[in-house]
Amino acid sequence: MWSLIQTILKTGIFAVLVNNFLKNNYPEKYQEFIVTFSFQAIYIYSKGQLIYGTYYKQMSSLVNSNMFLKRFIKKDIYLNEICQYNNSQMIIKCLNSSNILDSEFKSINNSIYVYSDNKQGINNKCINKVILFSPIIPTIYEISTMKFMMFEVKLADKTYKFDLKTDKSNYYIVDNIINKKFIDYYLMNYYNITQLNSVSDKYNVTLIDHNVNMKEIEITTDNFITITKNGYLYKA
């Protein structure tokens, strides 16, 4: 071990001495070399990224279509998951390949469950999120074609933007409910805000919907939005 450290130190000292020697005795050549080397390094790095991206997609497609190759991939990587949240805290996360039993979750009233379809998101990287109020995994679900142009939640003196569909996740699922529990969950996960029950029992929401209608509504436990196939419903 000590001999390895000595070798590394000697190599480092030698490299510094050579660098200083060239810099002091051949300044013009040294500068030309540094500039050329830098450009070459940037070119090689960029080229490598392009090649990696191209072959990564090809290899991913090959592996996903070949059952023999899939055996060499860890099964847990693409397991779907369902998380239980209560009082703005995650209680438990369960990975599954098919079904999850109710007994795996803690019996707590007013919990919200978020089911993440990780398997579906393997190719497009966008994971569909199904909002549930009991730990029953949906056998099927439907993606909505609707999208809010703006969705903002006011909490105290601050306004928080909710982006319900990004490159990584999609909450526009038919029958998903946006109520106080969901807003608590979103603020905790995306803005790291906790202890929300002590702050407010309702939220003032300003939205611009898919038909360019601007609305100001209240979201509570009983007043909520339900996502539909081509739009949404608001229960006041």
# chains A, B, ... in the order shown; residues from 1 in each chain; ligands from 1
call {"tool": "closest_atom_pairs", "arguments": {"of": "range 88-199 of chain A", "to": "range 209-214 of chain A", "cutoff": "10 Å", "atoms": "only C-alpha atoms", "output": "tab-separated table"}}
result
residue	atom	partner	partner_atom	distance
A:Thr145	CA	A:His210	CA	9.6
A:Met146	CA	A:His210	CA	6.4
A:Lys147	CA	A:His210	CA	5.8
A:Phe148	CA	A:Asp209	CA	4.5
A:Met149	CA	A:Asp209	CA	5.6
A:Met150	CA	A:Asp209	CA	6.9
A:Phe151	CA	A:Asp209	CA	8.2
call {"tool": "write_last_selection", "arguments": {"atoms": "N, CA and C atoms", "output": "short mmCIF file (atom, residue, chain, number, x, y, z; two decimals), in the first residue's frame"}}
result
data_model
loop_
_atom_site.label_atom_id
_atom_site.label_comp_id
_atom_site.auth_asym_id
_atom_site.auth_seq_id
_atom_site.Cartn_x
_atom_site.Cartn_y
_atom_site.Cartn_z
N THR A 145 -55.87 13.17 -21.83
CA THR A 145 -55.32 14.03 -22.88
C THR A 145 -55.29 15.49 -22.43
N MET A 146 -55.83 15.77 -21.25
CA MET A 146 -55.92 17.13 -20.73
C MET A 146 -54.65 17.55 -20.03
N LYS A 147 -54.36 18.86 -20.08
CA LYS A 147 -53.23 19.40 -19.33
C LYS A 147 -53.52 20.85 -18.97
N PHE A 148 -53.35 21.17 -17.69
CA PHE A 148 -53.53 22.56 -17.26
C PHE A 148 -52.41 23.41 -17.82
N MET A 149 -52.76 24.59 -18.30
CA MET A 149 -51.75 25.52 -18.78
C MET A 149 -51.03 26.17 -17.60
N MET A 150 -51.73 26.28 -16.48
CA MET A 150 -51.13 26.80 -15.25
C MET A 150 -51.88 26.23 -14.06
N PHE A 151 -51.15 25.89 -13.02
CA PHE A 151 -51.76 25.39 -11.79
C PHE A 151 -50.89 25.86 -10.64
#
call {"tool": "residues_around", "arguments": {"residues": "range 152-158 of chain A", "least_positions_apart": "5", "cutoff": "6 Å", "atoms": "only C-alpha atoms", "output": "PyMOL selection string"}}
result
chain A and resi 204-206
call {"tool": "closest_residue", "arguments": {"among": "A:Asn192, A:Thr228, A:Thr139, A:Thr220", "to": "Tyr171 in chain A", "atoms": "only C-alpha atoms"}}
result
A:Thr228
call {"tool": "select_by_dssp", "arguments": {"residues": "range 174-207 of chain A", "states": "strand (DSSP E or B)", "output": "PyMOL selection string"}}
result
chain A and resi 177-178+203-207
call {"tool": "write_last_selection", "arguments": {"atoms": "C-alpha atoms", "output": "compact mmCIF listing (two decimals), in the first residue's frame"}}
result
# COMPACT_ATOMS: atom_id res chain seq x y z
CA ILE A 177 -58.11 13.24 -7.63
CA ILE A 178 -56.44 16.52 -6.72
CA TYR A 203 -55.69 25.69 -0.37
CA ASN A 204 -56.45 28.55 -2.73
CA VAL A 205 -55.69 27.45 -6.28
CA THR A 206 -55.40 29.54 -9.42
CA LEU A 207 -55.47 27.62 -12.66
call {"tool": "select_by_dssp", "arguments": {"residues": "range 128-220 of chain A", "states": "alpha helix (DSSP H)", "output": "PyMOL selection string"}}
result
chain A and resi 180-191
call {"tool": "write_last_selection", "arguments": {"atoms": "C-alpha atoms", "output": "tab-separated table (two decimals), in the first residue's frame"}}
result
chain	number	residue	atom	x	y	z
A	180	LYS	CA	-55.90	18.49	0.00
A	181	LYS	CA	-54.10	15.18	0.57
A	182	PHE	CA	-52.60	15.31	-2.92
A	183	ILE	CA	-51.50	18.92	-2.52
A	184	ASP	CA	-49.90	18.03	0.83
A	185	TYR	CA	-48.08	15.17	-0.88
A	186	TYR	CA	-46.92	17.34	-3.80
A	187	LEU	CA	-45.63	20.14	-1.56
A	188	MET	CA	-43.74	17.62	0.53
A	189	ASN	CA	-42.16	15.76	-2.39
A	190	TYR	CA	-41.40	18.62	-4.74
A	191	TYR	CA	-40.91	21.55	-2.36
call {"tool": "closest_residue", "arguments": {"among": "A:Asn223, A:Ser144, A:Asn80, A:Thr159", "to": "Asp201 in chain A", "atoms": "only C-alpha atoms"}}
result
A:Asn223
call {"tool": "residues_around", "arguments": {"residues": "Ile131 in chain A", "least_positions_apart": "4", "cutoff": "12 Å", "atoms": "only C-alpha atoms", "output": "number ranges by chain"}}
result
A: 82-85, 111-117, 135-138, 141, 170-179, 181-183, 185-186, 226-227
call {"tool": "decode", "arguments": {"residues": "range 138-182 of chain A", "atoms": "N, CA and C atoms", "output": "PDB file, in the first residue's frame"}}
result
ATOM      1  N   PRO A 138     -53.976  -0.648  -9.297  1.00  0.00           N
ATOM      2  CA  PRO A 138     -54.870  -0.703 -10.460  1.00  0.00           C
ATOM      3  C   PRO A 138     -54.355  -1.701 -11.496  1.00  0.00           C
ATOM      4  N   THR A 139     -55.241  -2.550 -11.969  1.00  0.00           N
ATOM      5  CA  THR A 139     -54.839  -3.505 -13.015  1.00  0.00           C
ATOM      6  C   THR A 139     -54.680  -2.781 -14.353  1.00  0.00           C
ATOM      7  N   ILE A 140     -55.488  -1.764 -14.559  1.00  0.00           N
ATOM      8  CA  ILE A 140     -55.368  -0.920 -15.751  1.00  0.00           C
ATOM      9  C   ILE A 140     -55.642   0.519 -15.343  1.00  0.00           C
ATOM     10  N   TYR A 141     -55.151   1.446 -16.130  1.00  0.00           N
ATOM     11  CA  TYR A 141     -55.461   2.860 -15.934  1.00  0.00           C
ATOM     12  C   TYR A 141     -55.371   3.534 -17.296  1.00  0.00           C
ATOM     13  N   GLU A 142     -55.919   4.733 -17.389  1.00  0.00           N
ATOM     14  CA  GLU A 142     -55.984   5.433 -18.663  1.00  0.00           C
ATOM     15  C   GLU A 142     -55.352   6.821 -18.524  1.00  0.00           C
ATOM     16  N   ILE A 143     -54.561   7.188 -19.500  1.00  0.00           N
ATOM     17  CA  ILE A 143     -53.900   8.494 -19.497  1.00  0.00           C
ATOM     18  C   ILE A 143     -54.838   9.549 -20.082  1.00  0.00           C
ATOM     19  N   SER A 144     -54.931  10.686 -19.412  1.00  0.00           N
ATOM     20  CA  SER A 144     -55.789  11.778 -19.870  1.00  0.00           C
ATOM     21  C   SER A 144     -55.085  12.583 -20.961  1.00  0.00           C
ATOM     22  N   THR A 145     -55.872  13.174 -21.832  1.00  0.00           N
ATOM     23  CA  THR A 145     -55.315  14.035 -22.882  1.00  0.00           C
ATOM     24  C   THR A 145     -55.287  15.494 -22.430  1.00  0.00           C
ATOM     25  N   MET A 146     -55.833  15.769 -21.245  1.00  0.00           N
ATOM     26  CA  MET A 146     -55.919  17.130 -20.735  1.00  0.00           C
ATOM     27  C   MET A 146     -54.646  17.551 -20.026  1.00  0.00           C
ATOM     28  N   LYS A 147     -54.360  18.861 -20.076  1.00  0.00           N
ATOM     29  CA  LYS A 147     -53.235  19.400 -19.333  1.00  0.00           C
ATOM     30  C   LYS A 147     -53.524  20.849 -18.968  1.00  0.00           C
ATOM     31  N   PHE A 148     -53.354  21.173 -17.686  1.00  0.00           N
ATOM     32  CA  PHE A 148     -53.532  22.560 -17.256  1.00  0.00           C
ATOM     33  C   PHE A 148     -52.408  23.413 -17.822  1.00  0.00           C
ATOM     34  N   MET A 149     -52.764  24.586 -18.298  1.00  0.00           N
ATOM     35  CA  MET A 149     -51.755  25.517 -18.780  1.00  0.00           C
ATOM     36  C   MET A 149     -51.034  26.169 -17.597  1.00  0.00           C
ATOM     37  N   MET A 150     -51.727  26.279 -16.478  1.00  0.00           N
ATOM     38  CA  MET A 150     -51.128  26.805 -15.249  1.00  0.00           C
ATOM     39  C   MET A 150     -51.884  26.226 -14.065  1.00  0.00           C
ATOM     40  N   PHE A 151     -51.148  25.891 -13.021  1.00  0.00           N
ATOM     41  CA  PHE A 151     -51.764  25.392 -11.790  1.00  0.00           C
ATOM     42  C   PHE A 151     -50.895  25.865 -10.636  1.00  0.00           C
ATOM     43  N   GLU A 152     -51.406  26.834  -9.875  1.00  0.00           N
ATOM     44  CA  GLU A 152     -50.627  27.413  -8.785  1.00  0.00           C
ATOM     45  C   GLU A 152     -51.392  27.303  -7.467  1.00  0.00           C
ATOM     46  N   VAL A 153     -50.654  26.995  -6.423  1.00  0.00           N
ATOM     47  CA  VAL A 153     -51.225  26.838  -5.087  1.00  0.00           C
ATOM     48  C   VAL A 153     -50.623  27.897  -4.171  1.00  0.00           C
ATOM     49  N   LYS A 154     -51.497  28.604  -3.461  1.00  0.00           N
ATOM     50  CA  LYS A 154     -51.026  29.624  -2.524  1.00  0.00           C
ATOM     51  C   LYS A 154     -51.000  29.050  -1.118  1.00  0.00           C
ATOM     52  N   LEU A 155     -49.857  29.201  -0.461  1.00  0.00           N
ATOM     53  CA  LEU A 155     -49.690  28.746   0.912  1.00  0.00           C
ATOM     54  C   LEU A 155     -49.052  29.879   1.695  1.00  0.00           C
ATOM     55  N   ALA A 156     -49.779  30.373   2.686  1.00  0.00           N
ATOM     56  CA  ALA A 156     -49.329  31.553   3.448  1.00  0.00           C
ATOM     57  C   ALA A 156     -49.117  32.704   2.466  1.00  0.00           C
ATOM     58  N   ASP A 157     -47.904  33.247   2.392  1.00  0.00           N
ATOM     59  CA  ASP A 157     -47.652  34.368   1.492  1.00  0.00           C
ATOM     60  C   ASP A 157     -46.854  33.955   0.256  1.00  0.00           C
ATOM     61  N   LYS A 158     -46.797  32.652  -0.007  1.00  0.00           N
ATOM     62  CA  LYS A 158     -46.036  32.167  -1.156  1.00  0.00           C
ATOM     63  C   LYS A 158     -46.940  31.416  -2.125  1.00  0.00           C
ATOM     64  N   THR A 159     -46.518  31.410  -3.392  1.00  0.00           N
ATOM     65  CA  THR A 159     -47.247  30.690  -4.434  1.00  0.00           C
ATOM     66  C   THR A 159     -46.349  29.611  -5.012  1.00  0.00           C
ATOM     67  N   TYR A 160     -46.898  28.411  -5.158  1.00  0.00           N
ATOM     68  CA  TYR A 160     -46.122  27.270  -5.643  1.00  0.00           C
ATOM     69  C   TYR A 160     -46.718  26.754  -6.951  1.00  0.00           C
ATOM     70  N   LYS A 161     -45.862  26.571  -7.921  1.00  0.00           N
ATOM     71  CA  LYS A 161     -46.298  26.070  -9.218  1.00  0.00           C
ATOM     72  C   LYS A 161     -46.338  24.547  -9.201  1.00  0.00           C
ATOM     73  N   PHE A 162     -47.441  23.985  -9.663  1.00  0.00           N
ATOM     74  CA  PHE A 162     -47.578  22.534  -9.781  1.00  0.00           C
ATOM     75  C   PHE A 162     -47.481  22.168 -11.259  1.00  0.00           C
ATOM     76  N   ASP A 163     -46.476  21.389 -11.606  1.00  0.00           N
ATOM     77  CA  ASP A 163     -46.340  20.882 -12.970  1.00  0.00           C
ATOM     78  C   ASP A 163     -46.689  19.399 -12.925  1.00  0.00           C
ATOM     79  N   LEU A 164     -47.905  19.087 -13.314  1.00  0.00           N
ATOM     80  CA  LEU A 164     -48.407  17.723 -13.159  1.00  0.00           C
ATOM     81  C   LEU A 164     -47.926  16.772 -14.240  1.00  0.00           C
ATOM     82  N   LYS A 165     -47.210  17.280 -15.215  1.00  0.00           N
ATOM     83  CA  LYS A 165     -46.577  16.410 -16.215  1.00  0.00           C
ATOM     84  C   LYS A 165     -45.240  17.001 -16.612  1.00  0.00           C
ATOM     85  N   THR A 166     -44.179  16.232 -16.398  1.00  0.00           N
ATOM     86  CA  THR A 166     -42.825  16.624 -16.757  1.00  0.00           C
ATOM     87  C   THR A 166     -42.195  15.501 -17.574  1.00  0.00           C
ATOM     88  N   ASP A 167     -40.918  15.628 -17.850  1.00  0.00           N
ATOM     89  CA  ASP A 167     -40.207  14.557 -18.552  1.00  0.00           C
ATOM     90  C   ASP A 167     -40.062  13.316 -17.677  1.00  0.00           C
ATOM     91  N   LYS A 168     -40.258  13.475 -16.360  1.00  0.00           N
ATOM     92  CA  LYS A 168     -40.029  12.365 -15.437  1.00  0.00           C
ATOM     93  C   LYS A 168     -41.308  11.752 -14.880  1.00  0.00           C
ATOM     94  N   SER A 169     -42.375  12.540 -14.781  1.00  0.00           N
ATOM     95  CA  SER A 169     -43.590  12.007 -14.158  1.00  0.00           C
ATOM     96  C   SER A 169     -44.844  12.604 -14.777  1.00  0.00           C
ATOM     97  N   ASN A 170     -45.950  11.844 -14.682  1.00  0.00           N
ATOM     98  CA  ASN A 170     -47.226  12.268 -15.246  1.00  0.00           C
ATOM     99  C   ASN A 170     -48.364  11.926 -14.287  1.00  0.00           C
ATOM    100  N   TYR A 171     -49.060  12.973 -13.808  1.00  0.00           N
ATOM    101  CA  TYR A 171     -50.195  12.779 -12.916  1.00  0.00           C
ATOM    102  C   TYR A 171     -51.534  12.921 -13.650  1.00  0.00           C
ATOM    103  N   TYR A 172     -51.488  13.141 -14.954  1.00  0.00           N
ATOM    104  CA  TYR A 172     -52.724  13.265 -15.722  1.00  0.00           C
ATOM    105  C   TYR A 172     -53.251  11.873 -16.072  1.00  0.00           C
ATOM    106  N   ILE A 173     -53.759  11.223 -15.060  1.00  0.00           N
ATOM    107  CA  ILE A 173     -54.336   9.884 -15.187  1.00  0.00           C
ATOM    108  C   ILE A 173     -55.831   9.985 -14.889  1.00  0.00           C
ATOM    109  N   VAL A 174     -56.640   9.357 -15.730  1.00  0.00           N
ATOM    110  CA  VAL A 174     -58.095   9.399 -15.554  1.00  0.00           C
ATOM    111  C   VAL A 174     -58.468   8.907 -14.153  1.00  0.00           C
ATOM    112  N   ASP A 175     -59.307   9.687 -13.477  1.00  0.00           N
ATOM    113  CA  ASP A 175     -59.807   9.430 -12.119  1.00  0.00           C
ATOM    114  C   ASP A 175     -58.821   9.821 -11.021  1.00  0.00           C
ATOM    115  N   ASN A 176     -57.657  10.351 -11.378  1.00  0.00           N
ATOM    116  CA  ASN A 176     -56.797  10.907 -10.339  1.00  0.00           C
ATOM    117  C   ASN A 176     -57.500  12.098  -9.692  1.00  0.00           C
ATOM    118  N   ILE A 177     -57.439  12.178  -8.373  1.00  0.00           N
ATOM    119  CA  ILE A 177     -58.109  13.240  -7.631  1.00  0.00           C
ATOM    120  C   ILE A 177     -57.080  14.197  -7.035  1.00  0.00           C
ATOM    121  N   ILE A 178     -57.287  15.474  -7.295  1.00  0.00           N
ATOM    122  CA  ILE A 178     -56.439  16.516  -6.723  1.00  0.00           C
ATOM    123  C   ILE A 178     -57.209  17.145  -5.569  1.00  0.00           C
ATOM    124  N   ASN A 179     -56.925  16.695  -4.369  1.00  0.00           N
ATOM    125  CA  ASN A 179     -57.561  17.241  -3.171  1.00  0.00           C
ATOM    126  C   ASN A 179     -56.482  17.700  -2.196  1.00  0.00           C
ATOM    127  N   LYS A 180     -56.874  17.996  -0.976  1.00  0.00           N
ATOM    128  CA  LYS A 180     -55.899  18.489  -0.003  1.00  0.00           C
ATOM    129  C   LYS A 180     -54.775  17.478   0.241  1.00  0.00           C
ATOM    130  N   LYS A 181     -55.116  16.209   0.330  1.00  0.00           N
ATOM    131  CA  LYS A 181     -54.103  15.180   0.570  1.00  0.00           C
ATOM    132  C   LYS A 181     -53.059  15.172  -0.552  1.00  0.00           C
ATOM    133  N   PHE A 182     -53.540  15.310  -1.793  1.00  0.00           N
ATOM    134  CA  PHE A 182     -52.600  15.310  -2.917  1.00  0.00           C
ATOM    135  C   PHE A 182     -51.712  16.547  -2.876  1.00  0.00           C
TER     136      PHE A 182
END
